[in-house]
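Visitor: Just final-v8.pdb, nothing more (PDB, C-alpha atoms):
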```pdb
ATOM      1  CA  MET A   1     -10.516  -0.352  -7.908  1.00  0.00           C
ATOM      2  CA  TYR A   2      -7.365  -2.025  -6.638  1.00  0.00           C
ATOM      3  CA  ASN A   3      -5.981  -5.496  -5.996  1.00  0.00           C
ATOM      4  CA  LEU A   4      -3.475  -6.019  -3.198  1.00  0.00           C
ATOM      5  CA  TYR A   5      -0.861  -8.774  -3.293  1.00  0.00           C
ATOM      6  CA  ILE A   6       1.550  -9.840  -0.580  1.00  0.00           C
ATOM      7  CA  ASP A   7       4.416 -12.038  -1.783  1.00  0.00           C
ATOM      8  CA  ASN A   8       2.515 -12.700  -5.040  1.00  0.00           C
ATOM      9  CA  ASP A   9      -0.602 -13.918  -3.186  1.00  0.00           C
ATOM     10  CA  LEU A  10      -3.808 -11.977  -3.825  1.00  0.00           C
ATOM     11  CA  VAL A  11      -5.033 -10.898  -0.385  1.00  0.00           C
ATOM     12  CA  ALA A  12      -7.706  -8.361  -1.369  1.00  0.00           C
ATOM     13  CA  SER A  13      -9.431  -7.530  -4.637  1.00  0.00           C
ATOM     14  CA  GLY A  14     -11.786  -4.851  -5.858  1.00  0.00           C
ATOM     15  CA  LEU A  15     -10.706  -2.405  -3.171  1.00  0.00           C
ATOM     16  CA  SER A  16     -11.809   1.214  -3.313  1.00  0.00           C
ATOM     17  CA  GLN A  17      -9.141   3.843  -2.728  1.00  0.00           C
ATOM     18  CA  GLY A  18     -10.332   4.242   0.872  1.00  0.00           C
ATOM     19  CA  GLU A  19     -10.238   0.496   1.505  1.00  0.00           C
ATOM     20  CA  LEU A  20      -6.747   0.268   0.025  1.00  0.00           C
ATOM     21  CA  ALA A  21      -5.603   3.195   2.152  1.00  0.00           C
ATOM     22  CA  GLN A  22      -6.852   1.462   5.303  1.00  0.00           C
ATOM     23  CA  TRP A  23      -5.061  -1.783   4.347  1.00  0.00           C
ATOM     24  CA  LEU A  24      -1.812   0.124   3.813  1.00  0.00           C
ATOM     25  CA  ILE A  25      -2.172   2.066   7.058  1.00  0.00           C
ATOM     26  CA  ASP A  26      -2.747  -1.185   8.940  1.00  0.00           C
ATOM     27  CA  LEU A  27       0.242  -2.831   7.250  1.00  0.00           C
ATOM     28  CA  SER A  28       2.502   0.123   8.025  1.00  0.00           C
ATOM     29  CA  ASN A  29       1.479  -0.064  11.674  1.00  0.00           C
ATOM     30  CA  GLU A  30       2.787  -3.650  11.853  1.00  0.00           C
ATOM     31  CA  VAL A  31       6.412  -2.488  11.592  1.00  0.00           C
ATOM     32  CA  GLU A  32       8.434   0.225  13.283  1.00  0.00           C
ATOM     33  CA  GLY A  33      11.276   2.591  12.594  1.00  0.00           C
ATOM     34  CA  PHE A  34      13.248   2.334   9.389  1.00  0.00           C
ATOM     35  CA  ALA A  35      11.074  -0.437   7.913  1.00  0.00           C
ATOM     36  CA  ARG A  36       7.932   1.680   8.319  1.00  0.00           C
ATOM     37  CA  ASN A  37       9.529   4.760   6.759  1.00  0.00           C
ATOM     38  CA  GLN A  38      10.954   2.725   3.887  1.00  0.00           C
ATOM     39  CA  PHE A  39       7.547   1.145   3.220  1.00  0.00           C
ATOM     40  CA  LYS A  40       5.952   4.591   3.055  1.00  0.00           C
ATOM     41  CA  LYS A  41       8.688   5.879   0.735  1.00  0.00           C
ATOM     42  CA  ASP A  42       8.310   2.825  -1.519  1.00  0.00           C
ATOM     43  CA  LEU A  43       4.655   3.819  -1.928  1.00  0.00           C
ATOM     44  CA  GLY A  44       5.716   7.309  -3.033  1.00  0.00           C
ATOM     45  CA  TRP A  45       5.219   9.243   0.216  1.00  0.00           C
ATOM     46  CA  ILE A  46       7.803  11.947   0.842  1.00  0.00           C
ATOM     47  CA  SER A  47       6.542  13.968   3.792  1.00  0.00           C
ATOM     48  CA  GLY A  48       3.408  15.164   5.503  1.00  0.00           C
ATOM     49  CA  ASP A  49       0.533  13.076   6.710  1.00  0.00           C
ATOM     50  CA  PHE A  50       0.762   9.492   5.377  1.00  0.00           C
ATOM     51  CA  GLU A  51      -3.002   8.947   5.566  1.00  0.00           C
ATOM     52  CA  ASP A  52      -3.688  12.085   3.534  1.00  0.00           C
ATOM     53  CA  PHE A  53      -1.139  10.932   0.963  1.00  0.00           C
ATOM     54  CA  LEU A  54      -2.893   7.571   0.599  1.00  0.00           C
ATOM     55  CA  TYR A  55      -6.341   9.088   0.217  1.00  0.00           C
ATOM     56  CA  ASP A  56      -5.175  11.801  -2.213  1.00  0.00           C
ATOM     57  CA  ASN A  57      -3.071   9.710  -4.634  1.00  0.00           C
ATOM     58  CA  GLU A  58      -3.743   6.771  -6.915  1.00  0.00           C
ATOM     59  CA  LEU A  59      -1.273   3.938  -6.380  1.00  0.00           C
ATOM     60  CA  TYR A  60      -1.591   1.746  -9.468  1.00  0.00           C
ATOM     61  CA  GLU A  61       1.307  -0.574 -10.246  1.00  0.00           C
ATOM     62  CA  VAL A  62       3.257   0.122  -7.059  1.00  0.00           C
ATOM     63  CA  THR A  63       5.617  -2.310  -5.366  1.00  0.00           C
ATOM     64  CA  ALA A  64       6.791  -1.790  -1.793  1.00  0.00           C
ATOM     65  CA  MET A  65       8.731  -3.841   0.700  1.00  0.00           C
ATOM     66  CA  LEU A  66       7.392  -4.343   4.200  1.00  0.00           C
ATOM     67  CA  GLY A  67      10.145  -6.099   6.068  1.00  0.00           C
ATOM     68  CA  LYS A  68      10.757  -9.200   3.945  1.00  0.00           C
ATOM     69  CA  GLU A  69       7.301  -9.171   2.341  1.00  0.00           C
ATOM     70  CA  LYS A  70       6.707  -7.695  -1.093  1.00  0.00           C
ATOM     71  CA  ILE A  71       3.527  -5.630  -1.318  1.00  0.00           C
ATOM     72  CA  TYR A  72       2.167  -5.064  -4.833  1.00  0.00           C
ATOM     73  CA  ILE A  73      -0.798  -2.887  -5.782  1.00  0.00           C
ATOM     74  CA  ALA A  74      -2.413  -3.321  -9.180  1.00  0.00           C
ATOM     75  CA  GLU A  75      -5.415  -1.873 -10.911  1.00  0.00           C
ATOM     76  CA  ASP A  76      -8.453  -4.158 -10.769  1.00  0.00           C
ATOM     77  CA  GLU A  77      -9.326  -4.544 -14.450  1.00  0.00           C
ATOM     78  CA  PHE A  78     -12.963  -5.484 -13.857  1.00  0.00           C
TER      79      PHE A  78
END
```
Write out the structure in this file as structure tokens.

Guide:
Amino acid sequence: MYNLYIDNDLVASGLSQGELAQWLIDLSNEVEGFARNQFKKDLGWISGDFEDFLYDNELYEVTAMLGKEKIYIAEDEF
């Protein structure tokens, strides 16, 4: 389970990997060009299908920038 923070504010908690992936896909679709690619790279994506990457990899303790917003993913401890 995951918690998702944007600029230190908890916006979603107890997310499954699929729910987190959908959040991140939606967030990445809010920006274009360099900002989108940088966001994906910050999450650890290198190449290939971004959605597959999100569903196939655990993203605990990851920080990414989306424009000027800081996105932080943490393991839900409960």

Visitor: Set up a box along x, y and z of the file covering all listed atoms of range 10-29 of chain A, add 6 Å on every one of the six sides, and write the centre and edge lengths in Å to one decimal, as JSON.

Guide:
```
{"center_x": -4.7, "center_y": -3.9, "center_z": 2.9, "size_x": 26.3, "size_y": 28.2, "size_z": 29.5}
```

Visitor: I need the output of the PyMOL selection byres ((chain A and resi 53) around 12) for this file as number ranges by chain; which residues are they?

Guide: A: 17-18, 21-22, 24-25, 40-41, 43-52, 54-59

Visitor: Work out how far apart CA of Val62 in chain A and CA of Gln38 in chain A are and give it in Å to one decimal.

Guide: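 CA of Gln38 in chain A lies at a distance of 13.6 Å from CA of Val62 in chain A.
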
Visitor: So how many Å separate CA of Gly33 in chain A and CA of Asp7 in chain A, to one decimal?

Guide: 21.6 Å

Visitor: Spell out the residues picked by the PyMOL selection byres ((chain A and resi 3) around 9) here, as a list in words.

Guide: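 With the shown file as input, the PyMOL selection byres ((chain A and resi 3) around 9) matches Met1, Tyr2, Leu4, Tyr5, Leu10, Val11, Ala12, Ser13, Gly14, Leu15, Leu20, Tyr72, Ile73, Ala74, Glu75 and Asp76 of chain A.
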
Visitor: Please indicate the distance in Å from CA of Val31 in chain A to CA of Ile6 in chain A, rounded to one decimal place.

Guide: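 The value is 15.0 Å.
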
Visitor: Please rebuild range 43-54 of chain A with N, CA and C atoms and give the result as a PDB file, keeping the file's coordinate frame.

Guide:
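Once everything was written out, this is part.pdb:
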```pdb
ATOM      1  N   LEU A  43       5.981   3.512  -1.392  1.00  0.00           N
ATOM      2  CA  LEU A  43       4.655   3.819  -1.928  1.00  0.00           C
ATOM      3  C   LEU A  43       4.598   5.195  -2.587  1.00  0.00           C
ATOM      4  N   GLY A  44       5.643   6.003  -2.409  1.00  0.00           N
ATOM      5  CA  GLY A  44       5.716   7.309  -3.033  1.00  0.00           C
ATOM      6  C   GLY A  44       5.572   8.472  -2.076  1.00  0.00           C
ATOM      7  N   TRP A  45       5.347   8.197  -0.799  1.00  0.00           N
ATOM      8  CA  TRP A  45       5.219   9.243   0.216  1.00  0.00           C
ATOM      9  C   TRP A  45       6.570   9.896   0.452  1.00  0.00           C
ATOM     10  N   ILE A  46       6.566  11.229   0.573  1.00  0.00           N
ATOM     11  CA  ILE A  46       7.803  11.947   0.842  1.00  0.00           C
ATOM     12  C   ILE A  46       7.748  12.588   2.225  1.00  0.00           C
ATOM     13  N   SER A  47       6.693  13.324   2.490  1.00  0.00           N
ATOM     14  CA  SER A  47       6.542  13.968   3.792  1.00  0.00           C
ATOM     15  C   SER A  47       5.078  14.312   4.001  1.00  0.00           C
ATOM     16  N   GLY A  48       4.779  14.810   5.181  1.00  0.00           N
ATOM     17  CA  GLY A  48       3.408  15.164   5.503  1.00  0.00           C
ATOM     18  C   GLY A  48       2.669  13.972   6.082  1.00  0.00           C
ATOM     19  N   ASP A  49       1.371  14.107   6.121  1.00  0.00           N
ATOM     20  CA  ASP A  49       0.533  13.076   6.710  1.00  0.00           C
ATOM     21  C   ASP A  49       0.394  11.880   5.759  1.00  0.00           C
ATOM     22  N   PHE A  50       0.794  10.703   6.209  1.00  0.00           N
ATOM     23  CA  PHE A  50       0.762   9.492   5.377  1.00  0.00           C
ATOM     24  C   PHE A  50      -0.666   9.144   4.970  1.00  0.00           C
ATOM     25  N   GLU A  51      -1.607   9.271   5.888  1.00  0.00           N
ATOM     26  CA  GLU A  51      -3.002   8.947   5.566  1.00  0.00           C
ATOM     27  C   GLU A  51      -3.534   9.864   4.476  1.00  0.00           C
ATOM     28  N   ASP A  52      -3.258  11.152   4.574  1.00  0.00           N
ATOM     29  CA  ASP A  52      -3.688  12.085   3.534  1.00  0.00           C
ATOM     30  C   ASP A  52      -3.083  11.706   2.190  1.00  0.00           C
ATOM     31  N   PHE A  53      -1.807  11.351   2.195  1.00  0.00           N
ATOM     32  CA  PHE A  53      -1.139  10.932   0.963  1.00  0.00           C
ATOM     33  C   PHE A  53      -1.872   9.752   0.321  1.00  0.00           C
ATOM     34  N   LEU A  54      -2.235   8.760   1.139  1.00  0.00           N
ATOM     35  CA  LEU A  54      -2.893   7.571   0.599  1.00  0.00           C
ATOM     36  C   LEU A  54      -4.273   7.883   0.029  1.00  0.00           C
TER      37      LEU A  54
END
```
